[in-house]
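A.B. asks: Contents of target19.cif (mmCIF, C-alpha atoms) are below:
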```cif
data_query
loop_
_atom_site.label_atom_id
_atom_site.label_comp_id
_atom_site.auth_asym_id
_atom_site.auth_seq_id
_atom_site.Cartn_x
_atom_site.Cartn_y
_atom_site.Cartn_z
CA MET A 1 -42.64 7.24 18.41
CA ALA A 2 -46.34 7.91 18.44
CA LEU A 3 -47.34 11.48 17.75
CA ILE A 4 -50.52 13.47 18.09
CA HIS A 5 -51.48 16.24 15.71
CA LEU A 6 -51.80 19.56 17.50
CA THR A 7 -53.44 22.73 16.25
CA ILE A 8 -53.42 25.96 18.23
CA VAL A 9 -55.68 28.73 16.94
CA THR A 10 -56.87 32.13 18.10
CA PRO A 11 -59.03 34.60 16.17
CA GLN A 12 -55.82 36.55 15.52
CA GLY A 13 -54.02 33.65 13.94
CA GLU A 14 -52.71 30.12 13.99
CA PHE A 15 -49.79 29.38 16.31
CA TYR A 16 -49.13 25.69 15.83
CA ASP A 17 -50.18 23.14 13.28
CA ASP A 18 -47.90 20.15 13.47
CA ASP A 19 -47.29 16.81 15.18
CA ALA A 20 -46.37 16.80 18.84
CA GLN A 21 -45.26 14.21 21.40
CA ARG A 22 -47.10 15.73 24.28
CA VAL A 23 -49.04 18.80 25.27
CA VAL A 24 -49.77 20.05 28.77
CA VAL A 25 -52.41 22.71 29.36
CA ARG A 26 -54.13 24.21 32.35
CA THR A 27 -57.83 23.41 32.29
CA THR A 28 -60.29 24.88 34.75
CA GLY A 29 -59.92 21.62 36.68
CA GLY A 30 -56.12 21.63 36.76
CA ASP A 31 -53.18 20.73 34.53
CA VAL A 32 -53.84 18.04 31.94
CA ALA A 33 -51.30 16.26 29.77
CA ILE A 34 -52.42 14.93 26.41
CA LEU A 35 -50.43 12.10 24.89
CA PRO A 36 -50.94 10.31 21.56
CA HIS A 37 -53.95 7.94 21.38
CA HIS A 38 -55.85 9.93 23.97
CA ILE A 39 -59.58 9.29 24.12
CA ASP A 40 -61.91 11.97 22.77
CA TYR A 41 -61.90 14.71 25.29
CA SER A 42 -62.96 18.33 25.75
CA ALA A 43 -62.16 20.71 28.56
CA SER A 44 -62.46 24.42 29.15
CA LEU A 45 -59.16 26.18 29.66
CA GLY A 46 -58.24 28.60 32.36
CA GLN A 47 -55.46 31.09 32.36
CA GLY A 48 -52.02 29.60 32.57
CA GLU A 49 -49.03 27.94 31.06
CA ALA A 50 -49.10 25.46 28.21
CA ARG A 51 -46.17 23.20 27.38
CA VAL A 52 -45.83 21.65 23.97
CA THR A 53 -43.27 18.91 23.28
CA ASP A 54 -42.84 18.93 19.53
CA ALA A 55 -41.97 15.96 17.32
CA ALA A 56 -38.23 16.53 17.81
CA GLY A 57 -38.57 16.56 21.58
CA ASN A 58 -38.12 20.29 22.17
CA VAL A 59 -40.34 21.74 24.88
CA ARG A 60 -41.94 25.11 24.16
CA LYS A 61 -43.79 27.07 26.78
CA ALA A 62 -46.64 29.48 26.18
CA HIS A 63 -49.28 31.50 27.90
CA VAL A 64 -52.90 30.58 27.19
CA GLU A 65 -55.99 32.48 28.19
CA GLY A 66 -59.42 30.88 28.07
CA GLY A 67 -60.95 28.79 25.33
CA ILE A 68 -61.14 25.03 25.10
CA LEU A 69 -59.00 21.98 24.54
CA HIS A 70 -60.57 19.54 22.15
CA VAL A 71 -59.23 16.08 21.37
CA ALA A 72 -60.91 13.94 18.71
CA ALA A 73 -59.55 11.10 16.59
CA ASP A 74 -55.95 11.64 17.71
CA LYS A 75 -56.08 15.32 16.84
CA ALA A 76 -55.71 17.87 19.63
CA GLN A 77 -56.89 21.42 19.24
CA ILE A 78 -56.36 24.36 21.52
CA ILE A 79 -58.94 26.98 20.62
CA THR A 80 -58.27 30.06 22.66
CA GLN A 81 -58.69 33.82 22.81
CA SER A 82 -55.11 34.67 23.49
CA PHE A 83 -51.94 32.68 22.98
CA GLU A 84 -48.33 33.69 23.26
CA TRP A 85 -45.11 31.70 23.07
CA ALA A 86 -42.86 32.38 26.02
CA GLU A 87 -39.55 32.49 24.15
CA GLY A 88 -38.63 35.37 21.88
CA MET B 1 -68.84 83.99 -27.23
CA ALA B 2 -66.01 81.63 -27.99
CA GLY B 3 -64.00 83.15 -25.15
CA ALA B 4 -66.75 82.57 -22.58
CA SER B 5 -67.17 78.94 -23.50
CA MET B 6 -63.40 78.53 -23.38
CA LYS B 7 -63.42 79.82 -19.85
CA ASP B 8 -66.29 77.50 -18.90
CA ILE B 9 -64.46 74.52 -20.28
CA LYS B 10 -61.29 75.48 -18.46
CA LEU B 11 -63.22 75.68 -15.17
CA ARG B 12 -64.77 72.28 -15.75
CA ILE B 13 -61.38 70.78 -16.48
CA ARG B 14 -60.05 72.18 -13.25
CA SER B 15 -62.94 70.85 -11.18
CA VAL B 16 -62.67 67.39 -12.76
CA GLU B 17 -58.95 67.46 -12.08
CA SER B 18 -59.45 68.12 -8.40
CA THR B 19 -62.07 65.37 -8.18
CA MET B 20 -59.61 63.05 -9.84
CA GLN B 21 -56.98 63.90 -7.26
CA ILE B 22 -59.39 62.91 -4.50
CA THR B 23 -60.46 59.64 -6.10
CA LYS B 24 -56.83 58.80 -6.81
CA ALA B 25 -55.88 59.48 -3.18
CA MET B 26 -58.79 57.39 -1.90
CA GLN B 27 -57.78 54.56 -4.17
CA LEU B 28 -54.25 54.61 -2.79
CA VAL B 29 -55.45 54.70 0.81
CA ALA B 30 -57.81 51.79 0.15
CA SER B 31 -55.03 49.75 -1.47
CA SER B 32 -52.71 50.20 1.45
CA LYS B 33 -55.43 49.42 4.00
CA LEU B 34 -56.43 46.39 1.96
CA ARG B 35 -52.99 44.89 2.40
CA GLY B 36 -53.20 44.90 6.20
CA ALA B 37 -56.84 43.87 6.18
CA ARG B 38 -56.15 40.85 4.03
CA ALA B 39 -53.40 39.67 6.33
CA ARG B 40 -55.71 39.93 9.35
CA MET B 41 -58.50 38.19 7.48
CA GLU B 42 -56.29 35.30 6.46
CA ALA B 43 -55.01 34.95 10.03
CA SER B 44 -58.56 34.66 11.38
CA ARG B 45 -59.72 31.96 8.97
CA PRO B 46 -58.19 28.88 10.65
CA TYR B 47 -59.96 29.78 13.90
CA MET B 48 -63.32 29.82 12.15
CA LYS B 49 -62.78 26.38 10.70
CA VAL B 50 -61.33 24.67 13.75
CA ALA B 51 -63.64 26.27 16.31
CA ARG B 52 -66.78 25.50 14.32
CA HIS B 53 -65.86 21.90 13.97
CA ALA B 54 -65.01 21.53 17.66
CA ILE B 55 -68.18 23.19 18.89
CA TRP B 56 -70.29 20.94 16.72
CA ASP B 57 -68.45 17.91 17.95
CA ILE B 58 -69.17 18.84 21.54
CA ALA B 59 -72.75 19.92 20.91
CA LEU B 60 -73.68 16.83 18.91
CA HIS B 61 -72.13 14.19 21.09
CA ASN B 62 -72.94 15.49 24.48
CA THR B 63 -76.13 17.48 24.53
CA GLY B 64 -79.59 16.18 23.98
CA ALA B 65 -81.11 16.75 20.58
CA GLU B 66 -83.53 19.16 22.25
CA SER B 67 -80.82 21.62 23.26
CA HIS B 68 -81.87 25.03 22.00
CA TYR B 69 -78.36 25.60 20.66
CA VAL B 70 -78.72 22.92 18.01
CA THR B 71 -82.45 22.72 17.35
CA ARG B 72 -84.19 25.11 15.01
CA ARG B 73 -87.45 26.56 16.22
CA GLU B 74 -89.99 28.53 14.26
CA VAL B 75 -88.48 31.96 13.82
CA LYS B 76 -90.69 34.82 14.93
CA HIS B 77 -88.01 37.18 16.16
CA ARG B 78 -84.66 37.45 14.51
CA CYS B 79 -81.62 39.47 15.41
CA TYR B 80 -79.22 40.52 12.66
CA ILE B 81 -75.68 41.55 13.41
CA VAL B 82 -74.94 43.63 10.34
CA ILE B 83 -71.39 44.52 9.43
CA ALA B 84 -71.32 47.25 6.79
CA GLY B 85 -68.93 50.04 5.92
CA ASP B 86 -67.52 52.89 7.95
CA ARG B 87 -67.74 55.17 4.92
CA GLY B 88 -69.44 55.39 1.57
CA LEU B 89 -67.83 55.70 -1.86
CA ALA B 90 -67.27 51.99 -2.08
CA GLY B 91 -69.44 51.16 -5.05
CA SER B 92 -72.45 49.07 -4.09
CA TYR B 93 -70.76 47.57 -1.02
CA ASN B 94 -73.21 48.97 1.54
CA ALA B 95 -76.32 48.93 -0.65
CA ASN B 96 -75.90 45.23 -1.49
CA MET B 97 -75.83 44.32 2.19
CA PHE B 98 -78.94 46.31 3.05
CA LYS B 99 -80.83 44.89 0.09
CA ARG B 100 -79.91 41.34 1.01
CA ILE B 101 -81.19 41.79 4.55
CA GLU B 102 -84.36 43.47 3.44
CA TRP B 103 -85.05 40.46 1.28
CA ASP B 104 -84.11 37.93 3.95
CA SER B 105 -86.05 39.53 6.78
CA ARG B 106 -89.53 39.43 5.26
CA ASP B 107 -90.72 36.41 7.22
CA ALA B 108 -90.17 37.60 10.79
CA ASN B 109 -89.94 40.52 13.16
CA TRP B 110 -86.41 41.66 13.34
CA VAL B 111 -83.98 43.88 15.15
CA VAL B 112 -80.47 44.80 14.23
CA ILE B 113 -77.05 45.30 15.79
CA PRO B 114 -75.25 47.50 13.28
CA ILE B 115 -71.46 47.51 13.13
CA GLY B 116 -70.08 50.37 11.06
CA ARG B 117 -71.34 53.91 10.70
CA LYS B 118 -73.13 53.35 7.39
CA ALA B 119 -75.17 50.47 8.82
CA ARG B 120 -76.09 52.43 11.92
CA ASP B 121 -77.17 55.50 9.94
CA TYR B 122 -79.17 53.42 7.51
CA TYR B 123 -81.16 51.48 10.11
CA ALA B 124 -81.69 54.56 12.24
CA ARG B 125 -83.22 56.23 9.17
CA GLN B 126 -85.32 53.19 8.33
CA GLY B 127 -86.66 53.00 11.86
CA VAL B 128 -85.52 49.42 12.47
CA PRO B 129 -85.06 48.76 16.21
CA ILE B 130 -81.38 48.95 17.08
CA ILE B 131 -80.31 46.91 20.11
CA THR B 132 -76.79 48.16 20.43
CA GLU B 133 -74.34 49.62 17.97
CA ILE B 134 -70.67 49.84 17.16
CA GLU B 135 -69.55 52.76 15.10
CA LYS B 136 -66.36 51.49 13.58
CA VAL B 137 -65.48 48.28 11.80
CA GLU B 138 -61.87 49.35 11.46
CA GLY B 139 -59.89 48.32 14.52
CA LEU B 140 -62.77 46.37 16.08
CA THR B 141 -61.32 44.47 19.04
CA LEU B 142 -62.02 40.96 20.23
CA GLU B 143 -63.20 42.37 23.58
CA LYS B 144 -65.82 44.50 21.89
CA CYS B 145 -66.99 41.46 19.89
CA GLY B 146 -67.15 39.59 23.19
CA GLU B 147 -69.56 42.12 24.67
CA ILE B 148 -71.89 41.78 21.70
CA ALA B 149 -71.61 38.00 21.76
CA GLN B 150 -72.54 37.88 25.44
CA GLN B 151 -75.45 40.21 24.86
CA VAL B 152 -77.00 38.22 22.01
CA LEU B 153 -76.35 34.94 23.81
CA ASP B 154 -78.16 36.14 26.93
CA ALA B 155 -81.10 37.32 24.84
CA TYR B 156 -81.12 34.02 22.95
CA ASP B 157 -81.08 32.01 26.19
CA GLU B 158 -84.03 34.02 27.46
CA GLY B 159 -85.90 33.27 24.26
CA VAL B 160 -86.13 36.86 23.02
CA TYR B 161 -84.96 35.74 19.58
CA GLU B 162 -85.25 32.37 17.90
CA GLU B 163 -82.40 33.11 15.54
CA ILE B 164 -79.23 35.20 15.50
CA VAL B 165 -77.79 35.92 12.07
CA LEU B 166 -74.43 37.44 11.29
CA ALA B 167 -74.48 39.45 8.05
CA TYR B 168 -71.24 40.50 6.42
CA THR B 169 -69.52 40.73 3.07
CA SER B 170 -67.00 38.03 2.39
CA PHE B 171 -63.85 38.72 0.45
CA VAL B 172 -63.44 36.43 -2.54
CA SER B 173 -61.00 38.47 -4.58
CA VAL B 174 -60.26 42.14 -5.12
CA LEU B 175 -62.92 42.19 -7.83
CA THR B 176 -65.49 39.94 -6.14
CA GLN B 177 -67.08 40.23 -2.72
CA ARG B 178 -70.12 38.29 -1.63
CA THR B 179 -72.73 39.17 0.99
CA LYS B 180 -73.14 36.37 3.47
CA LEU B 181 -75.79 35.60 6.05
CA LYS B 182 -74.40 33.20 8.59
CA PRO B 183 -76.71 31.83 11.30
CA LEU B 184 -74.86 32.05 14.62
CA LEU B 185 -77.57 30.57 16.81
CA PRO B 186 -78.90 27.98 16.64
CA LEU B 187 -75.60 26.54 15.48
CA ASP B 188 -75.45 26.28 11.71
CA ALA B 189 -76.29 22.69 10.82
CA HIS B 190 -74.99 23.25 7.32
CA ASP B 191 -71.42 22.22 8.10
CA ALA B 192 -72.10 19.88 10.98
CA PRO B 193 -70.17 16.64 11.22
CA GLU B 194 -72.16 13.42 11.38
CA ARG B 195 -73.62 12.35 14.67
CA THR B 196 -71.89 9.16 15.76
CA ASN B 197 -72.07 7.03 18.85
CA ARG B 198 -68.54 7.58 20.05
CA GLN B 199 -68.06 8.67 23.60
CA MET B 200 -66.41 11.89 24.58
CA LEU B 201 -65.22 13.01 27.95
CA CYS B 202 -66.08 16.58 28.90
CA GLU B 203 -64.80 18.65 31.76
CA PRO B 204 -66.61 20.31 33.42
CA GLY B 205 -69.67 18.67 31.80
CA ALA B 206 -70.80 19.34 28.26
CA ASP B 207 -73.39 21.97 29.15
CA ALA B 208 -71.03 24.00 31.30
CA LEU B 209 -68.31 23.64 28.69
CA LEU B 210 -70.59 24.89 25.93
CA LYS B 211 -71.92 27.70 28.05
CA GLY B 212 -68.42 28.85 28.86
CA PHE B 213 -67.08 28.55 25.35
CA LEU B 214 -70.03 29.85 23.30
CA PRO B 215 -69.48 33.56 24.09
CA GLN B 216 -65.82 33.24 23.09
CA TYR B 217 -66.72 31.27 20.01
CA LEU B 218 -69.31 33.83 18.89
CA ALA B 219 -66.91 36.68 19.63
CA GLY B 220 -64.30 34.94 17.48
CA LEU B 221 -66.77 34.53 14.61
CA ILE B 222 -67.89 38.16 14.78
CA TYR B 223 -64.27 39.28 14.88
CA ALA B 224 -63.34 37.11 11.92
CA ALA B 225 -66.38 38.34 9.97
CA ALA B 226 -65.42 41.94 10.71
CA CYS B 227 -61.90 41.30 9.38
CA ASP B 228 -63.41 39.74 6.27
CA ALA B 229 -65.88 42.61 5.80
CA PHE B 230 -63.23 45.26 6.28
CA ALA B 231 -61.05 43.68 3.59
CA SER B 232 -64.10 43.55 1.30
CA GLU B 233 -64.88 47.20 1.95
CA GLN B 234 -61.36 48.29 1.08
CA ALA B 235 -61.36 46.15 -2.06
CA ALA B 236 -64.74 47.52 -3.14
CA ARG B 237 -63.57 51.07 -2.55
CA ARG B 238 -60.34 50.50 -4.40
CA VAL B 239 -62.16 49.21 -7.46
CA ALA B 240 -64.80 51.96 -7.32
CA MET B 241 -62.18 54.68 -6.97
CA ASP B 242 -60.05 53.15 -9.70
CA SER B 243 -62.90 53.36 -12.18
CA ALA B 244 -63.81 56.87 -10.97
CA THR B 245 -60.23 57.97 -11.60
CA LYS B 246 -60.31 56.43 -15.07
CA ASN B 247 -63.61 58.16 -15.84
CA ALA B 248 -62.23 61.49 -14.70
CA GLY B 249 -59.20 60.99 -16.95
CA GLU B 250 -61.47 60.33 -19.92
CA MET B 251 -63.54 63.40 -19.12
CA ILE B 252 -60.44 65.56 -18.97
CA GLU B 253 -59.29 64.23 -22.32
CA ASP B 254 -62.67 64.96 -23.85
CA LEU B 255 -62.82 68.46 -22.34
CA SER B 256 -59.28 69.28 -23.46
CA LEU B 257 -60.26 68.35 -26.98
CA ARG B 258 -63.27 70.65 -26.79
CA TYR B 259 -61.14 73.38 -25.27
CA ASN B 260 -58.61 73.18 -28.09
CA ARG B 261 -61.36 73.20 -30.67
CA ALA B 262 -62.94 76.29 -29.12
CA ARG B 263 -59.53 77.98 -29.03
CA GLN B 264 -58.86 77.12 -32.66
CA SER B 265 -62.23 78.36 -33.80
CA SER B 266 -61.81 81.66 -31.96
CA ILE B 267 -58.40 82.16 -33.63
CA THR B 268 -59.86 81.32 -37.00
CA GLN B 269 -62.66 83.76 -36.44
CA GLU B 270 -60.26 86.54 -35.45
CA LEU B 271 -58.13 85.89 -38.51
CA THR B 272 -61.18 85.96 -40.75
CA GLU B 273 -62.18 89.30 -39.25
CA ILE B 274 -58.70 90.79 -39.74
CA VAL B 275 -58.45 89.56 -43.31
CA ALA B 276 -61.93 90.81 -44.05
CA GLY B 277 -61.01 94.22 -42.54
CA ALA B 278 -57.79 94.44 -44.63
CA GLU B 279 -59.61 93.75 -47.89
CA HIS B 280 -61.78 96.83 -47.51
#
```
Hey, can you dump this file as structure tokens for me?

C.D. replies:
Amino acid sequence: MALIHLTIVTPQGEFYDDDAQRVVVRTTGGDVAILPHHIDYSASLGQGEARVTDAAGNVRKAHVEGGILHVAADKAQIITQSFEWAEG
Amino acid sequence: MAGASMKDIKLRIRSVESTMQITKAMQLVASSKLRGARARMEASRPYMKVARHAIWDIALHNTGAESHYVTRREVKHRCYIVIAGDRGLAGSYNANMFKRIEWDSRDANWVVIPIGRKARDYYARQGVPIITEIEKVEGLTLEKCGEIAQQVLDAYDEGVYEEIVLAYTSFVSVLTQRTKLKPLLPLDAHDAPERTNRQMLCEPGADALLKGFLPQYLAGLIYAAACDAFASEQAARRVAMDSATKNAGEMIEDLSLRYNRARQSSITQELTEIVAGAEH
């Protein structure tokens, strides 16, 4: 299965740096799903939920606040001010 | 005579001992703060790398080459954001920073945003215009960095300054820290990726995206630099206090030797006097 490399960073630390099947984030224009082989893309993020489907198929939810989503050369990056995984 | 000098030496030993206690305590405090500071610094480094790359990617592929965020203009007015120490007694940590800026700022008019009490006091004394100030580096929050970022960005957009430079001390190792001047705006072309012809989709438009993200990006950089600088300050203080403690130990050893010699010579003298008295 095709995978896309996902990095999630905030100034306080790195939260994800691994391959993923799919990532859904809330941009200022609405929810956007990024799949492998996405074209180069950038969007500003609003406040809301992010869902990451990791390489094994597990879905993890998180809260994201601001920042941008940046996709280039099959690498997705969520660069945000505040990020928190929903599960404990 | 011998008695008086013995007393003097004893007093000196006591005062050196109490100084040594202070330097030892400061060294321990710095070591424990350094541990936390290093962890925060290391956590902030990935953001710096990833965010810088992304912002360049967006700026290069979507804005015209004439955008004032990427093009250097002749610098007549420069704004330094200077991160120095909250306290002294950290070797040459603060002095090195001030010297570096003095050297760097010769070619333009400049103003300063000091972060840290030592920086504020220094520039207030020197009479350099201070735009805004933050008293403490320790515990600096991302929100506070955001306020500064917004302020310099607004001034930059209005054309008040042609360059914004972030000055801080970067932690290399416990024994080595390096002063760094990092141009914030215009974006540092030093680590820019190559401009290519590939297309990129931006929502909502590259300019709006940049405008929305830049304040956050700058805030993140200032925050990361403050974490770096704070770790450097603690490391510098730890080393300085370590050598001060060692010096105090040596002084005490030396003084004890002199004290014992003085004691011995006074005993010898007394004995000589008694023996001389008995012979008569």

A.B. asks: Between A:Leu3, A:Asp19, A:Asp54, A:Gln12, which is the closest to chain B once you count all atoms listed in the file?

C.D. replies: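 The closest residue to chain B is A:Gln12.
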
A.B. asks: Counting all atoms listed in the file, collect the residues of chain B whose closest atom lies at most 6 Å from chain A, and write them out as a list of chain:residue names.

C.D. replies: B:Ala43, B:Ser44, B:Tyr47, B:Met200, B:Leu201, B:Cys202, B:Glu203, B:Leu209, B:Gly220

A.B. asks: To one decimal place, how far is CA of Lys49 in chain B from CA of Ala225 in chain B in Å?

C.D. replies: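 Going from CA of Lys49 in chain B over to CA of Ala225 in chain B covers 12.5 Å.
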
A.B. asks: Taking (-56.6, 10.9, 15.3) in the coordinates of the supplied file, I want to know which residues reach to within 8 Å of it, counting all atoms listed in the file; could you give the answer as a list of chain:residue names?

C.D. replies: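 Output: A:Ile4, A:His5, A:His37, A:Ala72, A:Ala73, A:Asp74, A:Lys75.
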
A.B. asks: Hey, what comes out of the PyMOL selection byres ((chain B and resi 244) around 12) on this file? Could you write it as a ChimeraX atom specification?

C.D. replies: /B:16-17,19-27,89-91,237-243,245-251

A.B. asks: Report as a list in words the full result of the PyMOL selection byres ((chain B and resi 231) around 8) when it is applied to this structure.

C.D. replies: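 Here the PyMOL selection byres ((chain B and resi 231) around 8) matches Leu34, Ala37, Arg38, Met41, Phe171, Cys227, Asp228, Ala229, Phe230, Ser232, Glu233, Gln234 and Ala235 of chain B.
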
A.B. asks: List the residues matched by the PyMOL selection byres ((chain A and resi 61) around 9) in the displayed structure as a ChimeraX atom specification, ordered by chain and then by residue number.

C.D. replies: /A:49-53,59-60,62-63,84-87

A.B. asks: Between B:Arg45, B:Arg40, B:His61, B:Arg72, which one has atoms that come closest to Pro183 in chain B, using only C-alpha atoms?

C.D. replies: B:Arg72

A.B. asks: So what do you get for CA of Leu166 in chain B versus CA of Arg73 in chain B, distance-wise?

C.D. replies: 17.7 Å

A.B. asks: CA of Gly48 in chain A to CA of Leu6 in chain A: how many Å, to one decimal?

C.D. replies: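 Pair CA of Gly48 in chain A / CA of Leu6 in chain A returns 18.1 Å.
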
A.B. asks: At a cut-off of 10 Å, using all atoms listed in the file, what residues contact Gly57 in chain A? Leave out same-chain residues fewer than 6 positions from it and give the result as a PDB file with C-alpha atoms, in the coordinates of the input.

C.D. replies:
```
ATOM      1  CA  ALA A  20     -46.370  16.800  18.840  1.00  0.00           C
ATOM      2  CA  GLN A  21     -45.260  14.210  21.400  1.00  0.00           C
ATOM      3  CA  ARG A  22     -47.100  15.730  24.280  1.00  0.00           C
TER       4      ARG A  22
END
```

A.B. asks: I'd like the neighbourhood of Ser105 in chain B as a list in words, where a residue qualifies if any of its atoms comes within 12 Å (using only C-alpha atoms), though same-chain residues fewer than 3 positions away should be ignored.

C.D. replies: Val75, Lys76, His77, Arg78, Cys79, Tyr80, Phe98, Lys99, Arg100, Ile101, Glu102, Ala108, Asn109, Trp110, Val111, Val112, Val128, Glu163, Ile164, Val165, Ala167 and Leu181 of chain B
